[in-house]
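What follows is the content of protein-v8.txt (compact mmCIF, C-alpha atoms).
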```
# COMPACT_ATOMS: atom_id res chain seq x y z
CA MET A 1 -25.24 74.56 21.88
CA SER A 2 -28.08 72.08 21.59
CA THR A 3 -26.98 68.87 19.91
CA LEU A 4 -30.29 67.75 18.42
CA SER A 5 -33.60 69.18 17.32
CA LEU A 6 -36.05 68.97 20.20
CA LYS A 7 -38.79 68.48 17.62
CA SER A 8 -36.99 65.39 16.27
CA ILE A 9 -36.56 63.96 19.76
CA CYS A 10 -40.24 64.54 20.53
CA ARG A 11 -41.24 62.88 17.26
CA CYS A 12 -39.09 59.84 18.01
CA ARG A 13 -40.42 59.57 21.55
CA ASN A 14 -43.99 59.76 20.30
CA ARG A 15 -43.35 56.96 17.82
CA PHE A 16 -42.09 54.76 20.65
CA VAL A 17 -45.19 55.67 22.66
CA GLY A 18 -47.34 54.70 19.70
CA ALA A 19 -45.51 51.39 19.24
CA GLU A 20 -45.89 50.53 22.93
CA LEU A 21 -49.56 51.47 22.77
CA TYR A 22 -50.07 49.22 19.75
CA ARG A 23 -48.58 46.33 21.73
CA LEU A 24 -50.66 47.04 24.82
CA THR A 25 -53.96 47.22 22.96
CA GLY A 26 -53.32 43.86 21.33
CA ALA A 27 -54.66 45.25 18.05
CA ARG A 28 -54.36 43.02 15.00
CA SER A 29 -54.40 45.85 12.46
CA PRO A 30 -53.81 49.62 12.36
CA SER A 31 -57.53 50.28 11.94
CA GLU A 32 -58.33 48.18 15.01
CA PHE A 33 -55.60 50.03 16.90
CA ALA A 34 -57.08 53.43 16.00
CA LEU A 35 -60.54 52.28 17.03
CA ARG A 36 -59.43 50.90 20.42
CA CYS A 37 -57.46 54.05 21.24
CA ASP A 38 -60.34 56.28 20.26
CA GLN A 39 -62.77 54.29 22.38
CA LEU A 40 -60.57 54.89 25.40
CA ASP A 41 -59.97 58.55 24.55
CA ARG A 42 -63.58 59.47 23.74
CA PRO A 43 -65.81 56.87 25.41
CA HIS A 44 -68.79 59.24 25.49
CA LEU A 45 -68.99 59.22 21.69
CA TYR A 46 -69.07 55.45 21.52
CA ALA A 47 -71.69 55.05 24.24
CA ALA A 48 -74.47 56.20 21.92
CA PRO A 49 -73.11 57.21 18.51
CA SER A 50 -75.40 59.10 16.20
CA ALA A 51 -76.31 57.57 12.87
CA ALA A 52 -74.37 60.29 11.05
CA GLY A 53 -71.19 59.67 12.99
CA ALA A 54 -71.37 55.88 13.27
CA GLU A 55 -69.29 55.22 10.15
CA SER A 56 -66.41 57.51 11.15
CA LEU A 57 -66.41 56.14 14.70
CA HIS A 58 -66.18 52.62 13.36
CA ARG A 59 -62.86 53.52 11.70
CA GLY A 60 -61.44 55.33 14.70
CA ASN A 61 -59.67 58.67 14.74
CA PRO A 62 -56.75 58.84 12.24
CA LYS A 63 -54.67 60.82 14.74
CA TRP A 64 -53.69 57.50 16.35
CA LEU A 65 -52.25 56.28 13.07
CA ARG A 66 -50.33 59.54 12.70
CA LEU A 67 -48.93 58.98 16.20
CA LEU A 68 -47.86 55.48 15.20
CA ASP A 69 -46.39 56.31 11.79
CA HIS A 70 -45.23 59.91 12.12
CA GLY A 71 -44.92 60.63 15.84
CA ILE A 72 -47.30 63.59 15.81
CA LYS A 73 -47.83 65.38 19.08
CA LEU A 74 -51.17 64.56 20.68
CA HIS A 75 -53.00 66.57 23.29
CA ALA A 76 -51.68 65.61 26.72
CA ASP A 77 -55.20 64.84 27.97
CA SER A 78 -55.64 62.16 25.31
CA LEU A 79 -52.44 60.35 26.25
CA ASN A 80 -53.20 60.75 29.94
CA ARG A 81 -56.53 59.00 29.47
CA LEU A 82 -54.81 56.06 27.81
CA ALA A 83 -51.99 56.04 30.36
CA ALA A 84 -54.65 55.65 33.07
CA VAL A 85 -55.54 52.33 31.42
CA TYR A 86 -51.99 51.42 30.36
CA PRO A 87 -49.56 52.79 33.00
CA GLU A 88 -46.64 51.35 30.99
CA LEU A 89 -46.97 54.32 28.64
CA ASP A 90 -45.56 56.64 31.30
CA GLY A 91 -42.38 54.57 31.35
CA VAL A 92 -41.92 55.30 27.64
CA ARG A 93 -42.93 58.97 27.76
CA ASP A 94 -40.72 59.76 30.75
CA HIS A 95 -37.76 57.51 29.94
CA PRO A 96 -34.39 59.16 30.72
CA LEU A 97 -33.13 58.40 27.21
CA TRP A 98 -35.08 61.39 25.87
CA ASP A 99 -33.41 63.68 28.44
CA VAL A 100 -29.97 62.29 27.56
CA LEU A 101 -30.56 63.03 23.87
CA CYS A 102 -31.44 66.62 24.84
CA TRP A 103 -28.03 67.27 26.44
CA ASP A 104 -25.91 70.00 24.92
CA SER A 105 -22.76 68.70 23.26
CA ASP A 106 -20.57 71.02 25.35
CA ASP A 107 -22.21 70.14 28.69
CA SER A 108 -19.74 67.97 30.61
CA GLU A 109 -21.73 68.15 33.83
CA ALA A 110 -24.83 66.38 32.51
CA PRO A 111 -23.17 62.95 32.07
CA PHE A 112 -21.37 63.30 35.41
CA THR A 113 -24.59 64.14 37.26
CA TYR A 114 -26.59 61.40 35.59
CA LEU A 115 -24.00 58.68 36.23
CA LYS A 116 -23.53 59.85 39.82
CA HIS A 117 -27.27 59.39 40.31
CA LEU A 118 -27.09 55.85 38.88
CA ARG A 119 -23.92 54.73 40.65
CA PRO A 120 -25.45 53.52 43.97
CA ASN A 121 -27.63 51.01 42.12
CA CYS A 122 -25.39 50.12 39.17
CA ARG A 123 -22.39 47.86 39.82
CA ALA A 124 -21.18 48.38 36.26
CA LEU A 125 -20.12 51.91 37.27
CA GLU A 126 -17.92 50.70 40.13
CA ARG A 127 -14.16 50.81 39.68
CA SER A 128 -12.29 47.53 39.52
CA SER A 129 -8.67 46.59 38.93
CA TYR A 130 -9.86 43.48 37.07
CA LEU A 131 -10.91 44.13 33.48
CA CYS A 132 -12.84 40.86 33.24
CA ARG A 133 -14.95 41.92 36.23
CA THR A 134 -15.75 45.29 34.67
CA ASN A 135 -16.69 43.62 31.39
CA ALA A 136 -18.93 41.10 33.15
CA ARG A 137 -20.67 43.88 35.05
CA MET A 138 -21.27 45.85 31.85
CA LYS A 139 -22.72 42.76 30.22
CA GLY A 140 -24.97 42.20 33.23
CA ALA A 141 -26.12 45.82 33.39
CA LEU A 142 -27.19 45.91 29.74
CA GLY A 143 -28.70 42.43 29.63
CA VAL A 144 -30.74 41.40 26.60
CA PRO A 145 -30.52 44.23 24.01
CA ASP A 146 -33.34 46.67 24.68
CA TRP A 147 -33.84 50.36 23.86
CA THR A 148 -34.73 51.07 27.50
CA LYS A 149 -31.08 50.36 28.47
CA LEU A 150 -29.50 52.90 26.08
CA ALA A 151 -29.34 55.95 28.36
CA MET A 152 -26.59 54.67 30.67
CA PRO A 153 -24.15 53.54 27.91
CA LEU A 154 -24.63 56.81 26.02
CA ALA A 155 -23.79 58.77 29.16
CA LEU A 156 -20.75 56.56 29.76
CA LEU A 157 -19.48 57.04 26.21
CA VAL A 158 -19.22 60.80 26.69
CA SER A 159 -18.17 60.81 30.33
CA SER A 160 -14.86 62.56 31.03
CA ALA A 161 -14.34 60.79 34.36
CA LEU A 162 -11.04 58.87 34.44
CA GLY A 163 -12.61 55.95 36.29
CA HIS A 164 -14.87 55.13 33.36
CA HIS A 165 -12.19 54.25 30.80
CA PRO A 166 -12.61 50.44 31.15
CA GLN A 167 -16.37 50.71 30.63
CA GLN A 168 -15.84 53.01 27.65
CA ARG A 169 -13.44 50.57 26.00
CA TRP A 170 -16.05 47.82 26.35
CA LEU A 171 -18.72 50.06 24.84
CA HIS A 172 -16.48 51.08 21.95
CA ALA A 173 -16.27 47.41 20.97
CA HIS A 174 -19.88 46.42 21.59
CA PHE A 175 -22.32 49.35 21.69
CA SER A 176 -23.06 49.43 17.96
CA HIS A 177 -23.95 45.74 17.96
CA TYR A 178 -26.07 46.16 21.07
CA LEU A 179 -28.16 48.90 19.46
CA THR A 180 -28.45 46.92 16.22
CA ILE A 181 -29.79 43.83 17.97
CA ALA A 182 -32.13 45.93 20.12
CA SER A 183 -33.54 47.42 16.92
CA LEU A 184 -34.83 43.99 15.86
CA SER A 185 -37.48 44.02 18.60
CA PRO A 186 -40.80 43.52 16.78
CA THR A 187 -42.56 46.09 18.96
CA TYR A 188 -40.20 48.96 18.16
CA GLN A 189 -38.48 47.93 14.93
CA ARG A 190 -40.22 50.62 12.85
CA CYS A 191 -39.13 53.32 15.33
CA PHE A 192 -35.40 52.61 15.15
CA PRO A 193 -34.56 54.50 11.94
CA ASP A 194 -35.55 57.68 13.79
CA LEU A 195 -33.70 56.70 16.95
CA TRP A 196 -30.55 55.60 15.12
CA ALA A 197 -30.43 58.95 13.28
CA LEU A 198 -30.69 60.81 16.61
CA VAL A 199 -27.99 58.72 18.28
CA ASP A 200 -25.77 59.08 15.21
CA GLN A 201 -26.05 62.88 15.30
CA TRP A 202 -25.56 62.88 19.07
CA LEU A 203 -22.34 60.86 18.83
CA HIS A 204 -20.96 62.87 15.92
CA ALA A 205 -21.49 66.10 17.84
CA ARG A 206 -19.17 64.65 20.50
CA GLY A 207 -16.56 63.29 18.10
CA LEU A 208 -17.72 59.70 18.53
CA GLY A 209 -19.34 58.90 15.19
CA ALA A 210 -18.07 56.75 12.35
CA ASP A 211 -14.95 58.96 12.08
CA ALA A 212 -13.80 57.96 15.56
CA SER A 213 -11.23 55.17 15.29
CA SER A 214 -12.14 53.72 18.69
CA LEU A 215 -15.91 53.39 18.21
CA LYS A 216 -17.12 50.75 15.76
CA TRP A 217 -20.07 52.76 14.48
CA PRO A 218 -21.89 52.47 11.11
CA ILE A 219 -20.84 55.13 8.63
CA ASP A 220 -24.42 55.93 7.66
CA ALA A 221 -28.03 54.69 7.87
CA GLY A 222 -27.39 52.26 5.01
CA ALA A 223 -24.57 50.62 6.96
CA PHE A 224 -26.85 50.35 10.00
CA GLU A 225 -29.52 48.65 7.88
CA TYR A 226 -26.84 46.27 6.59
CA GLN A 227 -25.95 45.35 10.17
CA GLN A 228 -29.62 44.68 10.85
CA ALA A 229 -29.86 42.46 7.78
CA LEU A 230 -26.79 40.47 8.87
CA SER A 231 -28.34 39.93 12.31
CA GLN A 232 -31.58 38.73 10.73
CA LEU A 233 -29.58 36.36 8.51
CA THR A 234 -27.80 34.97 11.57
CA ARG A 235 -31.17 34.45 13.27
CA LYS A 236 -32.39 32.50 10.25
CA GLU A 237 -29.26 30.34 10.35
CA LEU A 238 -29.88 29.59 14.03
CA MET A 239 -33.43 28.51 13.20
CA ASP A 240 -32.19 26.40 10.28
CA ARG A 241 -29.76 24.68 12.65
CA GLY A 242 -32.62 23.95 15.02
CA TRP A 243 -31.13 26.06 17.81
CA LEU A 244 -34.00 28.54 17.79
CA PRO A 245 -37.70 27.80 17.30
CA GLU A 246 -39.16 28.91 13.98
CA ALA A 247 -40.73 32.38 14.31
CA ASP A 248 -41.76 35.09 11.89
CA LEU A 249 -40.40 37.82 14.13
CA PRO A 250 -37.42 37.87 16.53
CA THR A 251 -38.24 36.75 20.05
CA ARG A 252 -36.50 37.94 23.20
CA CYS A 253 -34.67 34.62 23.25
CA ALA A 254 -33.44 35.25 19.69
CA LEU A 255 -32.12 38.69 20.66
CA ALA A 256 -30.33 37.18 23.66
CA MET A 257 -28.77 34.49 21.47
CA LEU A 258 -27.59 36.98 18.84
CA TRP A 259 -26.01 39.14 21.55
CA SER A 260 -24.36 36.11 23.16
CA LEU A 261 -22.87 35.11 19.81
CA HIS A 262 -21.42 38.58 19.39
CA LEU A 263 -19.96 38.70 22.89
CA GLY A 264 -18.56 35.19 22.56
CA GLY A 265 -16.65 36.22 19.46
CA THR A 266 -14.57 33.91 17.28
CA PRO A 267 -13.77 31.27 19.97
CA LEU A 268 -17.45 30.65 20.71
CA ASN A 269 -18.47 30.65 17.06
CA GLU A 270 -15.74 28.14 16.19
CA GLN A 271 -16.84 25.91 19.06
CA LEU A 272 -20.46 26.08 17.89
CA ALA A 273 -19.46 25.34 14.30
CA ARG A 274 -17.66 22.17 15.44
CA SER A 275 -20.74 21.12 17.41
CA TYR A 276 -22.98 21.59 14.38
CA SER A 277 -20.57 19.77 12.07
CA ARG A 278 -20.80 16.74 14.36
CA GLY A 279 -24.56 16.68 13.80
CA GLY A 280 -25.72 18.43 16.98
CA ARG A 281 -29.25 19.71 16.38
CA ARG A 282 -29.86 20.89 19.94
CA CYS A 283 -28.61 24.32 20.96
CA PRO A 284 -25.12 23.68 22.45
CA ALA A 285 -24.76 24.03 26.20
CA PRO A 286 -22.25 26.95 26.09
CA LEU A 287 -24.70 29.08 24.10
CA ARG A 288 -27.66 28.09 26.30
CA HIS A 289 -25.61 29.07 29.35
CA LEU A 290 -24.76 32.51 27.92
CA VAL A 291 -28.40 33.17 27.05
CA ARG A 292 -29.53 32.31 30.59
CA GLU A 293 -26.81 34.54 32.02
CA LEU A 294 -28.49 37.45 30.26
CA ASP A 295 -31.94 36.47 31.52
CA PRO A 296 -32.46 33.38 33.74
CA ARG A 297 -36.11 33.28 32.64
CA LEU A 298 -35.12 32.43 29.08
CA ASN A 299 -35.09 28.75 28.20
CA VAL A 300 -33.71 27.51 24.92
CA ALA A 301 -35.75 24.35 24.73
CA VAL A 302 -34.78 23.25 21.22
```
What would the structure in this file look like if it were written as structure tokens?
Amino acid sequence: MSTLSLKSICRCRNRFVGAELYRLTGARSPSEFALRCDQLDRPHLYAAPSAAGAESLHRGNPKWLRLLDHGIKLHADSLNRLAAVYPELDGVRDHPLWDVLCWDSDDSEAPFTYLKHLRPNCRALERSSYLCRTNARMKGALGVPDWTKLAMPLALLVSSALGHHPQQRWLHAHFSHYLTIASLSPTYQRCFPDLWALVDQWLHARGLGADASSLKWPIDAGAFEYQQALSQLTRKELMDRGWLPEADLPTRCALAMLWSLHLGGTPLNEQLARSYSRGGRRCPAPLRHLVRELDPRLNVAV
């Protein structure tokens, strides 16, 4: 049977498309976003607008706001015209995550086929007799928390292959936190309630929801929001300590630092607490090192 409503998946995907489009246009307000999208979709109307239609054209077509806020389905030609200007949209529309969410709950071949396709280019899927090596590869494969990396861990979680047990144990301990931190991304933050609900239903259909003793998964949407709030509080504490630059919204560096703190666990947090108690205002070297392991381009300058 089908695990999720295809309509719900389509709605969620469209909201992510809208969020990416908002970022790409560089709009400073929803009305400016609607206007810029409409200018690209219907340039002939803006070339020489009639006096009667000038006022409505100035506001833009409200369908773009409905895409952004409600994930309505737009005509393919409209999105194709914008994708010609912003090719990044195709990466969101055609992302494998949407196909993974469409898998039937009783289809054991879909995860096997997908992971087999990934294996040649994904070291995290290789077998190893050393658990620390497997864990390090999983950490490297997922990198800084990002929604675009969710397809592979979801497939791994439901894989029945014996060789994937070490990776599954790592995901059972960390996947919930990974998704929570990814949800703080300013670009897509408003889309995550929809995506979390889909993933929650998807996992429950496979016996991996909050009732599963092995998977540390929020019991409901309220618990997920609480996890988000805790992560935001931790980010504020890092800024108060001077280890992160002040910012209204989480940066990629902030997401990497939050994820590093989670992976480091109690030993790292105790070490950092001692450093701060001694008056250290600069981000401690162990934490800077972990952040750069996730993405060498990141530089914690404070």
Practice task
Tell me, as an NGL selection string, which residues lie within 12 Å of Tyr276 (chain A), counting all atoms listed in the file; anything in the same chain fewer than 6 positions away does not count.
Solution key: :A and (237-238 or 240-243 or 269-270 or 282-284)
Wanna dump the region 160-272 of chain A-region 110-129 of chain A contacts at 10 Å for me, each residue with its shortest atom pair and the distance in Å to one decimal, counting only C-alpha atoms, ordered by chain and number, as a Markdown table?
```
| residue | atom | partner | partner_atom | distance |
| --- | --- | --- | --- | --- |
| A:Ser160 | CA | A:Phe112 | CA | 7.9 |
| A:Ala161 | CA | A:Phe112 | CA | 7.5 |
| A:Gly163 | CA | A:Arg127 | CA | 6.3 |
| A:His164 | CA | A:Leu125 | CA | 7.3 |
| A:His165 | CA | A:Arg127 | CA | 9.7 |
| A:Pro166 | CA | A:Arg127 | CA | 8.7 |
| A:Gln167 | CA | A:Leu125 | CA | 7.7 |
```
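For the residues A:Leu89, A:Ala173, A:Leu101, A:Ala34, ranking by smallest atom-to-atom distance to Pro62 (chain A) using all atoms listed in the file places A:Ala34 first.
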Fill in the blank from the handout: Among A:Leu179, A:Leu97, A:Leu45, A:Leu4, Met152 (chain A) is approached most closely, using all atoms listed in the file, by A:Leu97
Handout entry: Ref. answer, residues at most 12 Å from (-34.4, 54.1, 13.0) with all atoms listed in the file, as a PyMOL selection string
Key = chain A and resi 11-13+15-16+147+179-180+182-185+188-200+220-222+224-225+228
Those residues you just picked out, can you put them in a file as a CSV table (one decimal), in the coordinates of the input with C-alpha atoms?
```
chain,number,residue,atom,x,y,z
A,11,ARG,CA,-41.2,62.9,17.3
A,12,CYS,CA,-39.1,59.8,18.0
A,13,ARG,CA,-40.4,59.6,21.6
A,15,ARG,CA,-43.4,57.0,17.8
A,16,PHE,CA,-42.1,54.8,20.6
A,147,TRP,CA,-33.8,50.4,23.9
A,179,LEU,CA,-28.2,48.9,19.5
A,180,THR,CA,-28.4,46.9,16.2
A,182,ALA,CA,-32.1,45.9,20.1
A,183,SER,CA,-33.5,47.4,16.9
A,184,LEU,CA,-34.8,44.0,15.9
A,185,SER,CA,-37.5,44.0,18.6
A,188,TYR,CA,-40.2,49.0,18.2
A,189,GLN,CA,-38.5,47.9,14.9
A,190,ARG,CA,-40.2,50.6,12.8
A,191,CYS,CA,-39.1,53.3,15.3
A,192,PHE,CA,-35.4,52.6,15.2
A,193,PRO,CA,-34.6,54.5,11.9
A,194,ASP,CA,-35.6,57.7,13.8
A,195,LEU,CA,-33.7,56.7,17.0
A,196,TRP,CA,-30.6,55.6,15.1
A,197,ALA,CA,-30.4,59.0,13.3
A,198,LEU,CA,-30.7,60.8,16.6
A,199,VAL,CA,-28.0,58.7,18.3
A,200,ASP,CA,-25.8,59.1,15.2
A,220,ASP,CA,-24.4,55.9,7.7
A,221,ALA,CA,-28.0,54.7,7.9
A,222,GLY,CA,-27.4,52.3,5.0
A,224,PHE,CA,-26.8,50.4,10.0
A,225,GLU,CA,-29.5,48.6,7.9
A,228,GLN,CA,-29.6,44.7,10.8
```
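With distances restricted to all atoms listed in the file, A:Gln232 is the closest residue to Ala254 (chain A) from A:Gln232, A:Asn61, A:Gln271, A:Thr266.
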Could you produce a table of the residues of region 232-293 of chain A lying within 12 Å of region 174-177 of chain A, with the nearest pair of atoms per residue and their separation in Å rounded to one decimal, using only C-alpha atoms, ordered by chain and increasing residue number, as a tab-separated table?
```
residue	atom	partner	partner_atom	distance
A:Leu255	CA	A:His177	CA	11.1
A:Leu258	CA	A:His177	CA	9.5
A:Trp259	CA	A:His177	CA	7.8
A:Ser260	CA	A:His177	CA	11.0
A:Leu261	CA	A:His177	CA	10.8
A:His262	CA	A:His177	CA	7.7
A:Leu263	CA	A:His174	CA	7.8
A:Gly264	CA	A:His174	CA	11.3
A:Gly265	CA	A:His174	CA	10.9
```
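The closest residue to Lys73 (chain A), picked from A:His95, A:Lys236, A:Arg28, A:Lys7 and counting only C-alpha atoms, is A:Lys7.
Interatomic distance, CA of Gln168 (chain A) to CA of Ser108 (chain A): 15.7 Å.
CA of Glu32 (chain A) to CA of Trp64 (chain A) spans 10.5 Å [interatomic distance, one decimal].
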Handout entry: Contact residues around Arg288 (chain A) with all atoms listed in the file at 9 Å, ignoring same-chain residues under 4 positions, as a PyMOL selection string
Key = chain A and resi 257+283-284+292-293+299-300
Handout entry: Point-to-point distance from CA of Leu208 (chain A) to CA of Asp106 (chain A), Å rounded to tenths
Key = 13.5 Å
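Surrounding residues of (-32.8, 58.1, 30.4) at most 10 Å away are Val92, Asp94, His95, Pro96, Leu97, Trp98, Asp99, Val100, Leu101, Tyr114, Thr148, Lys149, Leu150, Ala151, Met152, Leu154 and Ala155 of chain A (based on only C-alpha atoms).
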How would the residues just picked look written out with C-alpha atoms as a tab-separated table (two decimals), in the frame of the given file?
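After the write, again23.tsv holds the following:
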```
chain	number	residue	atom	x	y	z
A	92	VAL	CA	-41.92	55.30	27.64
A	94	ASP	CA	-40.72	59.76	30.75
A	95	HIS	CA	-37.76	57.51	29.94
A	96	PRO	CA	-34.39	59.16	30.72
A	97	LEU	CA	-33.13	58.40	27.21
A	98	TRP	CA	-35.08	61.39	25.87
A	99	ASP	CA	-33.41	63.68	28.44
A	100	VAL	CA	-29.97	62.29	27.56
A	101	LEU	CA	-30.56	63.03	23.87
A	114	TYR	CA	-26.59	61.40	35.59
A	148	THR	CA	-34.73	51.07	27.50
A	149	LYS	CA	-31.08	50.36	28.47
A	150	LEU	CA	-29.50	52.90	26.08
A	151	ALA	CA	-29.34	55.95	28.36
A	152	MET	CA	-26.59	54.67	30.67
A	154	LEU	CA	-24.63	56.81	26.02
A	155	ALA	CA	-23.79	58.77	29.16
```
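Shortest separation to His75 (chain A) among A:Ala273, A:Asn14, A:Gly26, A:Asp104 occurs at residue A:Asn14, atoms counted being only C-alpha atoms.
In this comparison, which uses only C-alpha atoms, the residue of A:Ala256, A:Leu215, A:Leu287, A:Cys10 approaching Arg93 (chain A) most closely is A:Cys10.
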